[in-house]
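**Q** Sharing protein_0.txt, compact mmCIF, C-alpha atoms (C1' of nucleotides):
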# COMPACT_ATOMS: atom_id res chain seq x y z
CA MET R 17 -29.21 -6.69 -2.02
CA SER R 18 -31.89 -6.85 -4.62
CA ALA R 19 -31.36 -3.21 -5.38
CA GLY R 20 -30.06 -2.55 -8.84
CA GLU R 21 -30.28 -6.01 -10.30
CA GLY R 22 -29.13 -4.43 -13.51
CA ARG R 23 -31.50 -6.23 -15.79
CA HIS R 24 -30.69 -3.71 -18.45
CA LEU R 25 -27.26 -5.31 -18.65
CA ALA R 26 -28.26 -8.29 -20.69
CA ALA R 27 -24.68 -9.55 -20.65
CA VAL R 28 -24.97 -10.54 -17.02
CA PRO R 29 -26.32 -14.07 -17.01
CA ASP R 30 -28.47 -15.67 -14.37
CA ARG R 31 -26.43 -16.59 -11.35
CA PRO R 32 -26.99 -17.33 -7.70
CA PRO R 33 -27.68 -14.36 -5.47
CA ALA R 34 -24.60 -12.15 -5.37
CA ALA R 35 -22.13 -13.01 -2.66
CA GLY R 36 -20.21 -9.83 -3.04
CA VAL R 37 -18.01 -9.47 0.02
CA LEU R 38 -14.42 -10.66 -0.23
CA TYR R 39 -12.13 -11.29 2.68
CA VAL R 40 -8.57 -11.37 1.42
CA HIS R 41 -5.70 -12.63 3.53
CA PHE R 42 -2.23 -12.26 2.07
CA HIS R 43 0.67 -14.59 2.72
CA PRO R 44 4.21 -13.82 1.69
CA VAL R 45 5.03 -16.71 -0.63
CA ALA R 46 8.57 -16.65 0.71
CA GLY R 47 10.16 -14.77 3.53
CA PRO R 48 8.88 -14.18 7.01
CA ALA R 49 6.72 -11.11 6.82
CA LEU R 50 4.80 -8.76 4.62
CA THR R 51 6.41 -5.35 4.60
CA GLU R 52 4.31 -2.29 5.09
CA ASP R 53 5.14 -1.08 1.61
CA THR R 54 4.09 -4.36 0.07
CA TYR R 55 0.86 -4.24 2.00
CA ASP R 56 0.18 -0.73 0.76
CA GLY R 57 0.81 -1.90 -2.77
CA LEU R 58 -1.56 -4.80 -2.34
CA LEU R 59 -4.26 -2.47 -1.05
CA ALA R 60 -3.76 -0.29 -4.10
CA LEU R 61 -4.12 -3.39 -6.23
CA LEU R 62 -7.41 -4.20 -4.56
CA ALA R 63 -8.56 -0.65 -5.12
CA GLU R 64 -8.28 -1.20 -8.86
CA VAL R 65 -11.31 -3.41 -8.62
CA THR R 66 -13.45 -1.43 -6.21
CA PRO R 67 -13.10 1.65 -4.07
CA VAL R 68 -14.85 -0.18 -1.26
CA VAL R 69 -11.73 -1.64 0.35
CA GLN R 70 -11.38 -1.86 4.09
CA ALA R 71 -7.82 -2.41 5.19
CA LEU R 72 -7.31 -4.90 7.99
CA PRO R 73 -3.67 -4.40 8.82
CA PRO R 74 -1.22 -5.92 8.68
CA ASP R 75 -2.08 -8.48 6.00
CA ALA R 76 -5.77 -8.62 5.18
CA ALA R 77 -8.60 -6.61 3.69
CA LEU R 78 -12.33 -6.66 3.06
CA LEU R 79 -13.80 -5.71 -0.30
CA ASP R 80 -17.33 -5.11 -1.39
CA VAL R 81 -17.42 -5.96 -5.08
CA ARG R 82 -21.16 -5.82 -5.65
CA GLY R 83 -20.70 -2.71 -7.72
CA ALA R 84 -17.57 -3.94 -9.44
CA VAL R 85 -19.18 -7.14 -10.58
CA ARG R 86 -21.50 -5.37 -12.95
CA TYR R 87 -18.83 -2.99 -14.11
CA PHE R 88 -16.31 -5.67 -15.01
CA GLY R 89 -18.77 -8.29 -16.08
CA HIS R 90 -17.04 -10.89 -13.93
CA ASP R 91 -18.42 -12.66 -10.95
CA PRO R 92 -16.70 -12.29 -7.57
CA ALA R 93 -14.79 -15.55 -7.90
CA GLU R 94 -13.37 -14.40 -11.20
CA LEU R 95 -12.40 -11.07 -9.71
CA ALA R 96 -10.74 -12.88 -6.80
CA ALA R 97 -8.78 -15.09 -9.17
CA LEU R 98 -7.70 -12.01 -11.06
CA LEU R 99 -6.55 -10.35 -7.86
CA ARG R 100 -4.63 -13.45 -6.87
CA VAL R 101 -2.73 -13.54 -10.11
CA ARG R 102 -1.86 -9.88 -9.90
CA ALA R 103 -0.79 -10.06 -6.24
CA LEU R 104 1.48 -12.96 -7.04
CA ALA R 105 2.93 -11.36 -10.14
CA ARG R 106 3.52 -7.92 -8.73
CA TYR R 107 4.34 -8.61 -5.12
CA GLY R 108 5.08 -12.29 -4.83
CA ALA R 109 2.24 -12.58 -2.37
CA ASP R 110 -0.20 -15.43 -2.37
CA CYS R 111 -3.59 -14.94 -0.83
CA THR R 112 -6.57 -16.74 0.56
CA VAL R 113 -9.95 -15.35 -0.38
CA GLY R 114 -13.33 -15.98 1.15
CA ILE R 115 -16.37 -14.78 -0.76
CA ALA R 116 -19.74 -14.50 0.93
CA GLY R 117 -22.68 -12.26 1.52
CA ASN R 118 -21.25 -10.32 4.43
CA PRO R 119 -17.93 -9.67 6.15
CA MET R 120 -18.35 -12.26 8.87
CA LEU R 121 -19.19 -15.05 6.48
CA ALA R 122 -16.42 -14.00 4.13
CA ARG R 123 -13.91 -14.27 6.96
CA MET R 124 -15.22 -17.62 8.05
CA THR R 125 -15.19 -18.90 4.51
CA ALA R 126 -11.60 -17.82 4.04
CA HIS R 127 -10.59 -19.61 7.22
CA ASP R 128 -12.58 -22.69 6.34
CA GLY R 129 -9.97 -24.48 4.30
CA PRO R 130 -6.36 -24.56 3.21
CA PRO R 131 -4.61 -21.29 2.47
CA GLY R 132 -3.90 -20.13 -1.02
CA SER R 133 -7.28 -20.61 -2.59
CA VAL R 134 -10.54 -18.90 -3.36
CA ARG R 135 -13.69 -20.21 -1.71
CA THR R 136 -17.22 -18.99 -2.25
CA LEU R 137 -20.17 -19.39 0.04
CA PRO R 138 -23.34 -18.75 -1.97
CA ASP R 139 -25.51 -16.06 -0.50
CA ASP R 140 -28.34 -18.46 -0.05
CA ALA R 141 -30.07 -19.28 3.21
CA GLN R 142 -29.72 -23.03 2.79
CA ALA R 143 -26.04 -22.91 1.96
CA VAL R 144 -25.31 -20.53 4.80
CA ALA R 145 -27.19 -22.64 7.31
CA ALA R 146 -25.40 -25.77 6.16
CA PHE R 147 -22.07 -24.00 6.36
CA LEU R 148 -22.68 -22.78 9.87
CA ALA R 149 -24.61 -25.63 11.42
CA ARG R 150 -21.82 -27.92 12.47
CA LYS R 151 -19.20 -25.32 13.26
CA PRO R 152 -18.22 -25.11 16.91
CA ALA R 153 -19.41 -22.07 18.79
CA ALA R 154 -15.92 -20.60 18.90
CA ALA R 155 -15.77 -20.56 15.10
CA LEU R 156 -18.20 -17.65 15.07
CA TYR R 157 -16.34 -14.43 14.66
CA GLY R 158 -16.55 -12.52 17.90
CA VAL R 159 -16.94 -15.64 20.02
CA GLY R 160 -13.76 -16.37 21.92
CA PRO R 161 -12.89 -18.77 24.71
CA ALA R 162 -14.88 -16.99 27.40
CA THR R 163 -18.12 -16.70 25.46
CA ALA R 164 -17.75 -20.20 24.06
CA ARG R 165 -17.36 -21.60 27.56
CA THR R 166 -20.46 -19.77 28.72
CA LEU R 167 -22.48 -21.01 25.78
CA CYS R 168 -21.28 -24.57 26.16
CA ALA R 169 -22.33 -24.51 29.78
CA TYR R 170 -25.86 -24.19 28.45
CA GLY R 171 -25.41 -26.91 25.90
CA LEU R 172 -24.93 -24.48 23.04
CA ASP R 173 -21.79 -26.03 21.66
CA SER R 174 -22.42 -25.62 17.94
CA VAL R 175 -23.48 -22.71 15.81
CA GLY R 176 -26.52 -24.70 14.77
CA ARG R 177 -27.64 -25.06 18.37
CA ILE R 178 -27.09 -21.38 18.99
CA ALA R 179 -29.15 -20.52 15.93
CA GLU R 180 -32.04 -22.56 17.31
CA ALA R 181 -31.86 -21.01 20.74
CA PRO R 182 -34.43 -18.33 21.50
CA LEU R 183 -33.15 -14.78 21.49
CA SER R 184 -34.35 -14.23 25.03
CA ALA R 185 -32.29 -17.15 26.31
CA LEU R 186 -29.14 -15.89 24.64
CA GLN R 187 -29.71 -12.42 26.00
CA ARG R 188 -30.22 -13.78 29.48
CA VAL R 189 -26.91 -15.62 29.27
CA LEU R 190 -24.78 -13.09 27.43
CA GLY R 191 -26.49 -9.77 28.02
CA ALA R 192 -28.80 -7.80 25.79
CA ALA R 193 -26.37 -6.58 23.17
CA ALA R 194 -24.10 -9.60 22.99
CA GLY R 195 -27.07 -11.95 22.98
CA ARG R 196 -28.65 -10.20 20.06
CA ARG R 197 -25.44 -10.20 18.10
CA ILE R 198 -24.75 -13.89 18.65
CA HIS R 199 -28.32 -14.66 17.72
CA GLU R 200 -27.89 -12.91 14.41
CA ARG R 201 -24.44 -14.17 13.65
CA ALA R 202 -25.37 -17.76 14.31
CA ARG R 203 -27.93 -17.28 11.53
CA GLY R 204 -25.31 -15.86 9.21
CA ILE R 205 -26.50 -12.32 9.65
CA ASP R 206 -23.86 -9.63 9.91
CA PRO R 207 -25.03 -6.12 9.13
CA THR R 208 -21.50 -4.74 9.34
CA PRO R 209 -20.72 -2.83 6.16
CA VAL R 210 -17.35 -2.88 4.48
CA THR R 211 -16.02 0.46 5.61
CA PRO R 212 -13.29 2.11 3.57
CA ASP R 213 -10.97 4.30 5.59
CA ALA R 214 -12.12 2.66 8.78
CA ARG R 215 -10.49 4.82 11.34
CA VAL R 216 -8.80 3.49 14.40
CA ARG R 217 -10.54 4.51 17.58
CA SER R 218 -7.67 4.22 19.97
CA MET R 219 -3.96 3.56 20.14
CA GLY R 220 -1.79 2.47 22.97
CA SER R 221 1.29 0.67 24.12
CA GLU R 222 2.56 -1.20 27.11
CA HIS R 223 5.80 -1.38 29.03
CA ARG R 224 6.61 -4.64 30.71
CA PHE R 225 9.13 -4.55 33.52
CA GLY R 226 11.94 -7.08 33.59
CA SER R 227 11.02 -8.03 37.10
CA ASP R 228 7.99 -7.05 39.12
CA GLU R 229 8.42 -3.39 39.80
CA LEU R 230 7.92 -1.92 43.24
CA ASP R 231 9.46 1.48 42.70
CA PRO R 232 6.92 4.22 41.86
CA HIS R 233 9.67 6.33 40.37
CA ARG R 234 10.56 3.69 37.84
CA ARG R 235 6.93 3.27 36.99
CA ARG R 236 6.62 6.99 36.34
CA ARG R 237 9.70 6.79 34.19
CA ALA R 238 8.04 4.09 32.10
CA LEU R 239 4.86 6.13 31.87
CA LEU R 240 6.82 9.09 30.58
CA ALA R 241 8.35 6.98 27.83
CA LEU R 242 4.95 5.57 26.91
CA ALA R 243 3.28 8.99 26.89
CA ASP R 244 6.07 10.40 24.79
CA GLY R 245 5.84 7.61 22.25
CA LEU R 246 2.08 7.84 22.18
CA GLY R 247 2.19 11.59 21.64
CA LEU R 248 4.60 11.17 18.79
CA ARG R 249 2.45 8.55 17.13
CA LEU R 250 -0.63 10.74 17.51
CA ARG R 251 1.06 13.78 16.03
CA GLN R 252 2.53 11.77 13.17
CA SER R 253 -0.90 10.51 12.27
CA GLY R 254 -2.45 13.94 12.62
CA GLN R 255 -4.78 12.85 15.37
CA VAL R 256 -5.69 14.01 18.83
CA ALA R 257 -7.05 11.98 21.72
CA ARG R 258 -10.06 12.81 23.84
CA GLY R 259 -8.90 10.73 26.77
CA LEU R 260 -6.19 8.55 28.22
CA LYS R 261 -6.44 5.19 29.92
CA LEU R 262 -3.88 3.66 32.25
CA THR R 263 -3.73 -0.08 32.79
CA VAL R 264 -1.59 -1.60 35.52
CA ARG R 265 -0.91 -5.30 35.38
CA TYR R 266 0.14 -7.02 38.57
CA ALA R 267 2.30 -10.02 39.33
CA ASP R 268 -0.71 -12.29 39.79
CA GLY R 269 -1.99 -11.50 36.30
CA SER R 270 -4.81 -9.26 37.42
CA SER R 271 -5.01 -5.69 36.26
CA THR R 272 -6.60 -2.37 37.02
CA THR R 273 -7.52 0.40 34.61
CA ARG R 274 -8.21 4.06 35.19
CA SER R 275 -9.08 6.58 32.57
CA ARG R 276 -9.43 10.28 32.24
CA THR R 277 -10.89 12.62 29.67
CA PHE R 278 -8.93 15.70 28.68
CA PRO R 279 -10.49 19.16 28.94
CA GLU R 280 -9.69 19.38 25.25
CA PRO R 281 -8.47 16.68 22.84
CA THR R 282 -4.71 16.71 22.64
CA ALA R 283 -1.68 15.03 21.14
CA HIS R 284 0.90 16.87 23.19
CA THR R 285 3.32 14.89 25.29
CA PRO R 286 3.14 17.13 28.36
CA GLU R 287 -0.62 16.78 28.65
CA LEU R 288 -0.46 13.05 28.05
CA THR R 289 2.28 12.64 30.61
CA ALA R 290 0.52 14.74 33.20
CA ALA R 291 -2.63 12.70 32.78
CA ALA R 292 -0.68 9.46 33.02
CA TYR R 293 1.00 10.59 36.21
CA ALA R 294 -2.31 11.71 37.69
CA LEU R 295 -3.94 8.37 36.93
CA HIS R 296 -0.98 6.54 38.36
CA ALA R 297 -0.97 8.64 41.50
CA ALA R 298 -4.71 8.19 41.94
CA LEU R 299 -4.24 4.45 42.09
CA GLY R 300 -2.16 4.94 45.23
CA LEU R 301 -0.26 1.72 44.73
CA GLN R 302 1.39 0.63 47.94
CA ARG R 303 3.92 -2.18 47.76
CA ALA R 304 2.23 -3.40 44.62
CA ARG R 305 4.17 -5.81 42.48
CA VAL R 306 3.64 -4.26 39.10
CA ARG R 307 4.47 -6.34 36.09
CA ALA R 308 3.57 -3.83 33.43
CA VAL R 309 1.99 -0.46 32.77
CA ALA R 310 0.11 0.52 29.64
CA LEU R 311 -1.27 3.74 28.24
CA ARG R 312 -3.99 4.05 25.67
CA ALA R 313 -5.12 7.18 23.88
CA GLU R 314 -8.85 6.99 23.28
CA GLY R 315 -11.46 8.92 21.37
CA LEU R 316 -9.14 9.61 18.49
CA CYS R 317 -10.16 12.26 16.04
CA ASP R 318 -8.62 14.30 13.29
CA ALA R 319 -6.47 17.07 14.73
CA GLN R 320 -7.80 19.53 12.17
CA LEU R 321 -11.37 18.90 13.17
CA VAL R 322 -10.97 20.08 16.72
CA ALA R 323 -11.17 23.74 17.50
CA HIS R 324 -7.89 24.83 18.94
CA GLN R 325 -7.98 26.69 22.16
CA LEU R 326 -5.20 29.19 21.99
CA SER R 327 -2.69 28.99 24.71
CA PHE R 328 -1.78 32.28 26.29
CA ASP R 329 1.05 30.78 28.20
CA PRO R 330 4.37 31.55 26.48
CA GLU R 331 5.84 28.48 28.15
CA ASP R 332 3.30 26.30 26.42
CA GLU R 333 4.03 27.92 23.10
CA LYS R 334 7.70 27.32 23.59
CA ALA R 335 7.16 23.73 24.67
CA ARG R 336 5.13 23.05 21.55
CA ARG R 337 7.77 24.48 19.28
CA VAL R 338 10.33 22.30 21.00
CA GLU R 339 8.03 19.34 20.60
CA ALA R 340 7.62 19.99 16.90
CA ALA R 341 11.36 20.33 16.48
CA VAL R 342 11.96 17.08 18.35
CA ASP R 343 9.40 15.34 16.16
CA ARG R 344 11.21 16.52 13.05
CA ALA R 345 14.58 15.47 14.41
CA ARG R 346 13.27 12.04 15.25
CA ALA R 347 11.70 11.69 11.84
CA ARG R 348 15.01 12.60 10.27
CA PHE R 349 17.51 10.88 12.51
CA GLY R 350 15.52 8.26 14.36
CA MET R 351 14.00 7.95 17.77
CA ALA R 352 17.37 7.76 19.49
CA ALA R 353 18.35 11.18 18.20
CA VAL R 354 16.48 13.02 20.91
CA GLY R 355 15.68 11.76 24.36
CA LEU R 356 12.57 12.36 26.37
CA ALA R 357 12.61 16.09 25.92
CA SER R 358 9.28 16.61 27.53
CA ALA R 359 10.59 15.51 30.90
CA HIS R 360 11.50 19.08 31.67
CA HIS R 361 8.05 20.40 31.09
CA VAL R 362 6.06 18.12 33.29
CA ALA R 363 5.47 19.02 36.89
C1' DA G 10 -38.99 21.51 40.12
C1' DC G 11 -39.43 16.87 38.26
C1' DT G 12 -39.21 12.92 34.98
C1' DT G 13 -37.23 10.79 31.32
C1' DA G 14 -34.30 9.92 27.33
C1' DT G 15 -29.87 10.22 25.46
C1' DT G 16 -24.99 10.98 25.76
C1' DT G 17 -20.55 10.81 28.06
C1' DG G 18 -17.27 8.97 31.30
C1' DC G 19 -15.35 5.19 33.48
C1' DC G 20 -13.72 0.56 34.18
C1' DG G 21 -13.46 -4.42 33.77
C1' DA G 22 -13.76 -8.18 30.41
C1' DT G 23 -13.04 -10.18 26.00
C1' DT G 24 -11.26 -10.94 21.39
C1' DG G 25 -8.06 -12.39 18.15
C1' DG G 26 -3.71 -12.04 15.83
C1' DG G 27 1.08 -12.70 16.60
C1' DC H 13 3.11 -27.90 15.31
C1' DA H 14 0.63 -27.12 19.43
C1' DC H 15 0.66 -24.26 23.15
C1' DT H 16 1.00 -20.37 25.93
C1' DC H 17 1.85 -15.83 26.70
C1' DC H 18 1.62 -11.18 24.90
C1' DC H 19 -0.82 -7.16 23.75
C1' DA H 20 -3.32 -3.77 20.89
C1' DA H 21 -7.96 -2.74 20.27
C1' DT H 22 -12.78 -2.98 21.16
C1' DC H 23 -16.94 -4.03 23.74
C1' DG H 24 -20.51 -4.26 27.53
C1' DG H 25 -22.57 -2.32 31.27
C1' DC H 26 -23.26 0.81 34.83
C1' DA H 27 -23.40 5.49 36.67
C1' DA H 28 -23.20 10.35 36.18
C1' DA H 29 -24.22 14.17 33.47
C1' DT H 30 -26.90 16.64 30.14
Using the file provided, produce a representation of the structure as structure tokens.
**A**
Amino acid sequence: MSAGEGRHLAAVPDRPPAAGVLYVHFHPVAGPALTEDTYDGLLALLAEVTPVVQALPPDAALLDVRGAVRYFGHDPAELAALLRVRALARYGADCTVGIAGNPMLARMTAHDGPPGSVRTLPDDAQAVAAFLARKPAAALYGVGPATARTLCAYGLDSVGRIAEAPLSALQRVLGAAAGRRIHERARGIDPTPVTPDARVRSMGSEHRFGSDELDPHRRRRALLALADGLGLRLRQSGQVARGLKLTVRYADGSSTTRSRTFPEPTAHTPELTAAAYALHAALGLQRARVRAVALRAEGLCDAQLVAHQLSFDPEDEKARRVEAAVDRARARFGMAAVGLASAHHVA
DNA sequence: ACTTATTTGCCGATTGGG
DNA sequence: CACTCCCAATCGGCAAAT
């Protein structure tokens, strides 16, 4: 933080320690939703100020403007105001901005008051402590109902109390990793950097049955549709998955998950489907009232980064050409254009 | 051959935005 | 508007593998 104070830039006056992280949350000023195109435009707008923009789809972003501040000769609040004006003028989108010393505090600052304004939390220990002290435990980012309940059971109902609690106590209650993180966050410490091009680590989808499903065949049918959609999404984004996870949700609200790692990362529907079927079969559900099934592709990585293992099976080659053709047809004519073509290739 | 440290796989639990 | 349900995505922790 103290690196590069830029004292050679005499134009920069004395000011409080830089609070250089912006959390920006866009609201459509009219209309129900922010379109994807508008969001892309807004991200581009943010990128005019700094390249360090982390998209938080569908309607928010984090910026690190510590570099931009010196370059533009404006402080973060002035940059935020500038961004607000531009977003409104170009896209009719209002935004709420929180400015603080790290991503967590920037988020909390943005959520701390009414929408449509810019709020700054000085990057100063006193100010941060005062800001956090009286917040309820659940206000800490990463603390949800379950953790808050656990903490409250030990009398730790405010962030201030949590900050005073010894690390060892928090770790005993929440576990080593979670305890350490809460301990830091309650003190306003969040080492998370603003990461441009933050890649997604998994993608998945779920199929909920109209009524609790008892028929394994129908469940397999749903899995095929999910695997097919997942494969398409993977291929469209140029990614491959290292593994697949199946989640089955039951009528009573409970759920079971099973996962499997592929011999080789893949985005092909037949492999995904085969894995989904295998996971489903391995569960051996008897007379289970299944409310929903979900598939998740995990360990995503760039398709070009994985070494391709050549297939010597002409059937595979053919299936992949068909798959590519189906992808193109769907891209051109819509999902309904071609049915679940892969059904024929799965044992 | 054995011990230990680190990674990978697996699965349930949790978060937070809609 | 509060509330609940929904659901994609990630995390924590344990065990097996390296």
**Q** Would you compute the distance between CA of Ala116 in chain R and CA of Gln187 in chain R? Give it in Å to one decimal.
**A** 27.1 Å
**Q** Which of these, R:Gly171, R:Gly220, R:Pro152, R:Pro138, has the shortest distance to chain H once you count all atoms listed in the file?
**A**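 Closest to chain H, using all atoms listed in the file: R:Gly220.
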**Q** Would you pick out the contacts of DC20 in chain G at 8 Å or less, using all atoms listed in the file, so that residues sharing its chain but fewer than 3 positions from it are not included, and give the list as a ChimeraX atom specification?
**A** /R:273-275
**Q** Could you write out the selected residues, including C-alpha atoms, as a PDB file, in the frame of the given file?
**A**
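Result saved to out-v4.pdb:
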ATOM      1  CA  THR R 273      -7.520   0.400  34.610  1.00  0.00           C
ATOM      2  CA  ARG R 274      -8.210   4.060  35.190  1.00  0.00           C
ATOM      3  CA  SER R 275      -9.080   6.580  32.570  1.00  0.00           C
TER       4      SER R 275
END
**Q** Each residue of chain R lying at most 8 Å from chain H should get a row with its shortest atom-to-atom pair and the distance in Å to one decimal, counting all atoms listed in the file; could you produce that, ordered by chain and increasing number, as JSON lines?
**A**
{"residue": "R:Ala193", "atom": "CA", "partner": "H:DG24", "partner_atom": "C1'", "distance": 7.7}
{"residue": "R:Ala194", "atom": "CA", "partner": "H:DG24", "partner_atom": "C1'", "distance": 7.9}
{"residue": "R:Ser218", "atom": "CA", "partner": "H:DA21", "partner_atom": "C1'", "distance": 7.0}
{"residue": "R:Met219", "atom": "CA", "partner": "H:DA20", "partner_atom": "C1'", "distance": 7.4}
{"residue": "R:Gly220", "atom": "CA", "partner": "H:DA20", "partner_atom": "C1'", "distance": 6.8}
{"residue": "R:Ser221", "atom": "CA", "partner": "H:DA20", "partner_atom": "C1'", "distance": 7.2}
{"residue": "R:Glu222", "atom": "CA", "partner": "H:DC19", "partner_atom": "C1'", "distance": 7.6}
**Q** Return as a short mmCIF file (atom, residue, chain, number, x, y, z; two decimals) with C-alpha atoms, in the frame of the given file the residues belonging to chain R that are within 12 Å of chain G, counting only C-alpha atoms (C1' of nucleotides).
**A**
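Output contents, as saved in result02.cif:
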data_model
loop_
_atom_site.label_atom_id
_atom_site.label_comp_id
_atom_site.auth_asym_id
_atom_site.auth_seq_id
_atom_site.Cartn_x
_atom_site.Cartn_y
_atom_site.Cartn_z
CA ALA R 49 6.72 -11.11 6.82
CA LEU R 72 -7.31 -4.90 7.99
CA PRO R 73 -3.67 -4.40 8.82
CA PRO R 74 -1.22 -5.92 8.68
CA ASP R 75 -2.08 -8.48 6.00
CA ALA R 76 -5.77 -8.62 5.18
CA ALA R 154 -15.92 -20.60 18.90
CA ALA R 155 -15.77 -20.56 15.10
CA LEU R 156 -18.20 -17.65 15.07
CA TYR R 157 -16.34 -14.43 14.66
CA GLY R 158 -16.55 -12.52 17.90
CA VAL R 159 -16.94 -15.64 20.02
CA GLY R 160 -13.76 -16.37 21.92
CA PRO R 161 -12.89 -18.77 24.71
CA ALA R 162 -14.88 -16.99 27.40
CA THR R 163 -18.12 -16.70 25.46
CA ALA R 164 -17.75 -20.20 24.06
CA ALA R 194 -24.10 -9.60 22.99
CA ARG R 258 -10.06 12.81 23.84
CA GLY R 259 -8.90 10.73 26.77
CA LEU R 260 -6.19 8.55 28.22
CA LYS R 261 -6.44 5.19 29.92
CA LEU R 262 -3.88 3.66 32.25
CA THR R 263 -3.73 -0.08 32.79
CA SER R 270 -4.81 -9.26 37.42
CA SER R 271 -5.01 -5.69 36.26
CA THR R 272 -6.60 -2.37 37.02
CA THR R 273 -7.52 0.40 34.61
CA ARG R 274 -8.21 4.06 35.19
CA SER R 275 -9.08 6.58 32.57
CA ARG R 276 -9.43 10.28 32.24
CA THR R 277 -10.89 12.62 29.67
CA PHE R 278 -8.93 15.70 28.68
CA GLU R 314 -8.85 6.99 23.28
CA GLY R 315 -11.46 8.92 21.37
#
**Q** Would you kindly return, as a short mmCIF file (atom, residue, chain, number, x, y, z; two decimals) with C-alpha atoms, keeping the file's coordinate frame, each protein, DNA or RNA residue with an atom no farther than 6 Å from any atom of range 203-216 of chain R, considering all atoms listed in the file and excluding same-chain residues fewer than 4 positions away?
**A**
data_model
loop_
_atom_site.label_atom_id
_atom_site.label_comp_id
_atom_site.auth_asym_id
_atom_site.auth_seq_id
_atom_site.Cartn_x
_atom_site.Cartn_y
_atom_site.Cartn_z
CA VAL R 68 -14.85 -0.18 -1.26
CA VAL R 69 -11.73 -1.64 0.35
CA GLN R 70 -11.38 -1.86 4.09
CA ALA R 179 -29.15 -20.52 15.93
#
**Q** For the atom pair CA of Leu288 in chain R and CA of Gly350 in chain R, what is the interatomic distance in Å to one decimal place?
**A** 21.6 Å
